[in-house]
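Novice: Sharing my_file-v1.txt here; it has compact mmCIF, C-alpha atoms.
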```txt
# COMPACT_ATOMS: atom_id res chain seq x y z
CA MET B 1 139.87 114.29 124.68
CA LYS B 2 137.61 112.01 126.69
CA LYS B 3 135.67 109.55 124.56
CA VAL B 4 131.89 109.81 125.04
CA LYS B 5 130.09 106.50 125.40
CA ARG B 6 127.18 106.35 122.97
CA ALA B 7 123.82 104.95 124.04
CA ALA B 8 122.30 102.08 122.11
CA LYS B 9 120.09 103.10 119.20
CA PRO B 10 117.03 101.33 117.81
CA ILE B 11 117.10 99.77 114.36
CA LYS B 12 114.29 101.79 112.83
CA ASN B 13 113.89 100.11 109.46
CA THR B 14 112.18 96.70 109.21
CA ARG B 15 114.41 95.77 106.30
CA ASP B 16 117.49 96.43 108.44
CA VAL B 17 116.09 94.26 111.24
CA LYS B 18 115.66 91.41 108.76
CA ARG B 19 119.18 92.00 107.42
CA MET B 20 120.52 91.72 110.95
CA ILE B 21 118.63 88.47 111.57
CA ALA B 22 119.98 86.94 108.35
CA TYR B 23 123.52 88.16 108.93
CA LEU B 24 123.66 86.85 112.50
CA GLU B 25 122.51 83.40 111.40
CA ALA B 26 125.01 83.21 108.55
CA SER B 27 127.98 84.70 110.41
CA SER B 28 128.86 81.62 112.50
CA ASP B 29 128.54 77.90 111.82
CA ASN B 30 128.36 77.02 115.52
CA TYR B 31 126.58 80.00 117.07
CA GLY B 32 124.82 81.82 114.23
CA LYS B 33 121.42 80.29 114.97
CA ARG B 34 121.82 81.06 118.69
CA ASN B 35 122.66 84.70 118.02
CA SER B 36 119.85 85.12 115.51
CA ILE B 37 117.18 83.53 117.72
CA LEU B 38 118.22 85.62 120.71
CA PHE B 39 118.00 88.79 118.62
CA GLN B 40 114.57 87.79 117.28
CA ILE B 41 113.21 87.20 120.78
CA GLY B 42 114.66 90.53 121.90
CA VAL B 43 113.11 92.66 119.15
CA THR B 44 109.70 90.97 119.33
CA THR B 45 109.30 90.96 123.12
CA GLY B 46 111.25 93.97 124.39
CA TYR B 47 112.76 91.99 127.26
CA ARG B 48 116.19 93.07 128.43
CA ALA B 49 119.05 90.87 127.26
CA GLY B 50 119.86 90.09 130.88
CA ASP B 51 116.42 88.52 131.29
CA LEU B 52 116.78 86.35 128.18
CA VAL B 53 120.26 84.88 128.39
CA GLY B 54 119.48 82.45 131.21
CA LEU B 55 116.36 80.92 129.65
CA THR B 56 116.32 77.13 129.45
CA VAL B 57 114.80 74.90 126.81
CA SER B 58 112.11 73.74 129.27
CA GLU B 59 111.07 77.36 129.88
CA ILE B 60 110.77 77.98 126.14
CA LYS B 61 108.67 74.82 125.80
CA GLU B 62 106.27 76.36 128.31
CA VAL B 63 106.23 79.58 126.26
CA ILE B 64 105.35 77.57 123.14
CA LYS B 65 102.63 75.70 125.03
CA THR B 66 100.97 78.86 126.44
CA ASN B 67 101.75 81.16 123.50
CA GLU B 68 103.19 83.83 125.78
CA PHE B 69 106.33 84.83 127.60
CA ILE B 70 105.96 85.59 131.31
CA ILE B 71 109.20 86.95 132.71
CA LEU B 72 109.88 88.66 136.02
CA GLU B 73 112.02 91.47 134.68
CA SER B 74 115.09 92.95 136.31
CA LYS B 75 117.33 95.91 135.61
CA LYS B 76 120.69 97.24 136.72
CA VAL B 77 120.37 99.62 139.64
CA ASN B 78 124.02 100.59 140.14
CA SER B 79 127.52 100.43 138.69
CA LYS B 80 128.13 96.99 140.25
CA ASN B 81 125.50 95.51 137.94
CA ILE B 82 123.30 94.45 140.84
CA ARG B 83 119.90 93.72 139.35
CA LYS B 84 116.58 94.57 140.96
CA LYS B 85 113.49 92.53 140.20
CA ASN B 86 110.21 94.20 139.31
CA ILE B 87 107.24 93.27 141.48
CA LYS B 88 105.07 91.96 138.64
CA PRO B 89 106.07 89.80 135.67
CA ARG B 90 105.58 91.23 132.20
CA ARG B 91 103.51 89.16 129.79
CA VAL B 92 104.24 89.26 126.06
CA PRO B 93 102.40 87.24 123.37
CA LEU B 94 104.53 84.82 121.37
CA SER B 95 104.77 85.78 117.71
CA PRO B 96 103.41 82.96 115.46
CA LYS B 97 106.47 83.16 113.20
CA LEU B 98 108.82 83.11 116.18
CA LYS B 99 106.96 80.09 117.56
CA VAL B 100 107.80 78.10 114.44
CA LYS B 101 111.46 79.13 114.67
CA LEU B 102 111.70 78.30 118.37
CA LYS B 103 110.25 74.82 117.78
CA SER B 104 112.89 74.19 115.15
CA TYR B 105 115.70 75.61 117.30
CA ILE B 106 114.95 73.41 120.34
CA SER B 107 114.12 70.24 118.41
CA THR B 108 117.54 68.69 119.10
CA LYS B 109 118.05 70.16 122.60
CA GLU B 110 117.41 68.74 126.06
CA ASP B 111 115.08 70.43 128.56
CA TRP B 112 117.91 71.28 130.98
CA GLU B 113 120.04 73.03 128.36
CA TYR B 114 120.38 76.79 128.20
CA MET B 115 118.81 78.32 125.11
CA PHE B 116 121.86 80.50 124.56
CA PRO B 117 124.98 78.65 125.74
CA SER B 118 128.30 80.44 126.02
CA ASN B 119 131.01 79.71 123.47
CA LYS B 120 133.05 78.14 126.29
CA GLY B 121 130.27 75.71 127.16
CA ASP B 122 130.29 76.68 130.84
CA GLY B 123 126.90 78.32 131.17
CA TYR B 124 124.94 80.86 129.16
CA ILE B 125 126.17 83.73 127.02
CA GLU B 126 126.97 87.02 128.77
CA VAL B 127 125.24 90.28 127.89
CA ASP B 128 128.58 91.92 127.09
CA THR B 129 129.26 89.17 124.58
CA ILE B 130 125.90 89.80 122.92
CA SER B 131 126.77 93.49 122.67
CA LYS B 132 130.07 92.68 120.96
CA ILE B 133 128.35 90.34 118.51
CA LEU B 134 125.67 92.91 117.63
CA LYS B 135 128.21 95.73 117.40
CA ARG B 136 130.30 93.80 114.87
CA ALA B 137 127.21 92.80 112.89
CA GLY B 138 125.85 96.35 112.95
CA GLU B 139 129.10 97.85 111.72
CA TYR B 140 129.24 95.33 108.89
CA LEU B 141 125.68 96.27 107.88
CA GLY B 142 126.22 100.00 108.29
CA LEU B 143 124.17 100.18 111.51
CA TYR B 144 125.82 101.79 114.50
CA TYR B 145 125.42 101.67 118.31
CA THR B 146 123.81 98.23 118.08
CA THR B 147 124.53 96.87 121.56
CA ALA B 148 122.47 94.27 123.39
CA HIS B 149 120.12 97.03 124.54
CA CYS B 150 119.30 98.02 120.96
CA MET B 151 116.96 95.00 120.82
CA ARG B 152 114.65 96.50 123.47
CA LYS B 153 114.92 99.95 121.91
CA THR B 154 114.06 98.54 118.47
CA TYR B 155 110.95 96.93 119.99
CA ALA B 156 109.95 100.22 121.64
CA TYR B 157 110.47 102.30 118.51
CA LYS B 158 108.42 99.87 116.39
CA ILE B 159 105.51 100.11 118.84
CA TYR B 160 105.82 103.90 118.96
CA VAL B 161 105.58 104.27 115.18
CA ASP B 162 102.99 101.53 114.51
CA SER B 163 100.70 102.84 117.28
CA GLY B 164 100.61 106.29 115.66
CA TYR B 165 103.15 107.68 118.17
CA ASP B 166 101.16 106.55 121.20
CA ILE B 167 103.60 107.11 124.07
CA ILE B 168 101.20 105.51 126.57
CA ALA B 169 101.13 102.27 124.58
CA VAL B 170 104.93 102.16 124.62
CA LYS B 171 105.01 102.88 128.35
CA GLU B 172 102.63 100.04 129.13
CA MET B 173 104.32 97.53 126.86
CA LEU B 174 107.76 98.30 128.27
CA GLY B 175 106.50 98.20 131.83
CA HIS B 176 107.75 101.71 132.61
CA SER B 177 106.52 103.51 135.71
CA SER B 178 105.94 106.89 134.04
CA ILE B 179 105.52 108.55 130.64
CA GLU B 180 108.55 110.72 131.37
CA GLU B 181 110.67 107.60 131.71
CA THR B 182 109.42 106.40 128.32
CA LYS B 183 110.09 109.78 126.68
CA LEU B 184 113.66 109.68 127.92
CA TYR B 185 114.00 106.07 126.81
CA LEU B 186 112.88 106.84 123.26
CA ASP B 187 115.00 110.02 123.32
CA LEU B 188 112.08 111.94 121.81
CA GLU B 189 113.63 115.35 122.43
CA ARG B 190 116.76 114.34 120.54
CA LEU B 191 114.62 112.95 117.72
CA LYS B 192 112.70 116.23 117.49
CA TYR B 193 115.85 118.34 117.47
CA ASP B 194 117.50 116.11 114.88
CA ASN B 195 114.49 116.62 112.58
CA TYR B 196 114.76 120.38 113.04
CA SER B 197 118.44 120.24 112.12
CA LYS B 198 117.70 118.21 108.99
CA SER B 199 115.32 120.93 107.83
CA LEU B 200 118.25 123.34 107.66
CA ASP B 201 119.45 121.42 104.62
CA ASP B 202 116.87 123.51 102.74
CA PHE B 203 119.35 126.39 102.90
CA LEU B 204 121.85 124.55 100.70
```
Step by step, read the file and then write its structure as structure tokens.

Specialist:
Amino acid sequence: MKKVKRAAKPIKNTRDVKRMIAYLEASSDNYGKRNSILFQIGVTTGYRAGDLVGLTVSEIKEVIKTNEFIILESKKVNSKNIRKKNIKPRRVPLSPKLKVKLKSYISTKEDWEYMFPSNKGDGYIEVDTISKILKRAGEYLGLYYTTAHCMRKTYAYKIYVDSGYDIIAVKEMLGHSSIEETKLYLDLERLKYDNYSKSLDDFL
């Protein structure tokens, strides 16, 4: 039987997001802070992991100075992982709490250093490595399908719920080209059908 690859799922509960942040930081003496900071940027900005991994300390210093991220986003356009840049950069305000954490994280780093170095010390961490780290952490915490992309989906779901299920707000904040794209991204049809199925528990 062919194994079906599961799509990343958002972490829907704020408490679980905080558990993930704490677990990532405590799970490694050398790279726990790196993993935790990367996750925190991901869930509070909605940028794709591929757009975050190559950030340098000097770029983050500019973010701290201006109180906003400005990243020219890219996304995979085929199976060869070729990435296509969007025409306009997406601006995201810097969270005050994240600002404090970023200042602490870079306090001992040089401007030229990558924010998220690889374990091998030969560049920055790969997206696949992030997925493996989050998958292991998620399974330990009882959260499943937590790949690198779950950070962006967690961001989107939080906006969707906190905005009173405003799909247009999510579309704009993700930089999607259409509402249909955002509906598919949030998997709203699946969410609706899952809720219908849960109601059948009334029979038992």

Novice: Could you name the residues that touch segment 148-153 of chain B at 6 Å or less, counting all atoms listed in the file, but leaving out those on the same chain fewer than 6 positions away, as a list in words?

Specialist: Ala8, Lys9, Pro10, Gly42, Val43, Gly46, Ile130 and Ser131 of chain B

Novice: Pick out the residues sitting within 8 Å of segment 163-176 of chain B, and hand them over as a list in words; count all atoms listed in the file, and ignore anything fewer than 5 positions along from it in its own chain.

Specialist: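 Using all atoms listed in the file, the neighbours found are Gly46, Arg90, Ala156, Glu181, Thr182 and Lys183 of chain B.
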
Novice: Could you name the residues that touch Asn67 of chain B at 9 Å or less, counting all atoms listed in the file, but leaving out those on the same chain fewer than 5 positions away, as a list in words?

Specialist: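 The filter keeps Glu62, Val92, Pro93, Leu94, Ser95, Pro96 and Lys99 of chain B.
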
Novice: Out of B:Glu126, B:Met115, B:Val53, B:Leu141, which residue has the shortest atom-to-atom distance to Ala22 of chain B when counting only C-alpha atoms?

Specialist: B:Leu141

Novice: Leaving out Tyr23 of chain B and any residue of its chain fewer than 2 positions from it, which residues lie within 9 Å of it when counting only C-alpha atoms, given as a CSV table (one decimal) with C-alpha atoms, in the coordinates of the input?

Specialist:
```csv
chain,number,residue,atom,x,y,z
B,18,LYS,CA,115.7,91.4,108.8
B,19,ARG,CA,119.2,92.0,107.4
B,20,MET,CA,120.5,91.7,111.0
B,21,ILE,CA,118.6,88.5,111.6
B,25,GLU,CA,122.5,83.4,111.4
B,26,ALA,CA,125.0,83.2,108.6
B,27,SER,CA,128.0,84.7,110.4
B,32,GLY,CA,124.8,81.8,114.2
B,36,SER,CA,119.8,85.1,115.5
B,137,ALA,CA,127.2,92.8,112.9
B,141,LEU,CA,125.7,96.3,107.9
```

Novice: Go ahead and compute the interatomic distance for atom CA of Pro89 of chain B and atom CA of Ile71 of chain B, in Å to one decimal.

Specialist: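 Separating atom CA of Pro89 of chain B from atom CA of Ile71 of chain B is a distance of 5.2 Å.
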
Novice: Can you measure atom CA of Ala7 of chain B to atom CA of Phe116 of chain B for me? One decimal in Å is fine.

Specialist: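 Atom-to-atom, atom CA of Ala7 of chain B and atom CA of Phe116 of chain B are spaced 24.5 Å apart.
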
Novice: Rounded to one decimal place, report the atom CA of Thr129 of chain B-atom CA of Gly54 of chain B distance in Å.

Specialist: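 Atom-to-atom, atom CA of Thr129 of chain B and atom CA of Gly54 of chain B are spaced 13.6 Å apart.
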
Novice: Between B:Asp187, B:Lys120, B:Lys12, B:Thr147, which is the closest to Ile133 of chain B once you count only C-alpha atoms?

Specialist: B:Thr147

Novice: Counting all atoms listed in the file, write as a list of chain:residue names all protein and nucleic acid residues lying at most 10 Å from (122.6, 77.3, 123.3) in the file's frame.

Specialist: B:Asn30, B:Tyr31, B:Lys33, B:Arg34, B:Asn35, B:Ile37, B:Leu38, B:Val53, B:Gly54, B:Leu55, B:Thr56, B:Val57, B:Tyr105, B:Ile106, B:Lys109, B:Glu113, B:Tyr114, B:Met115, B:Phe116, B:Pro117, B:Ser118, B:Asn119, B:Gly121, B:Gly123, B:Tyr124, B:Ile125
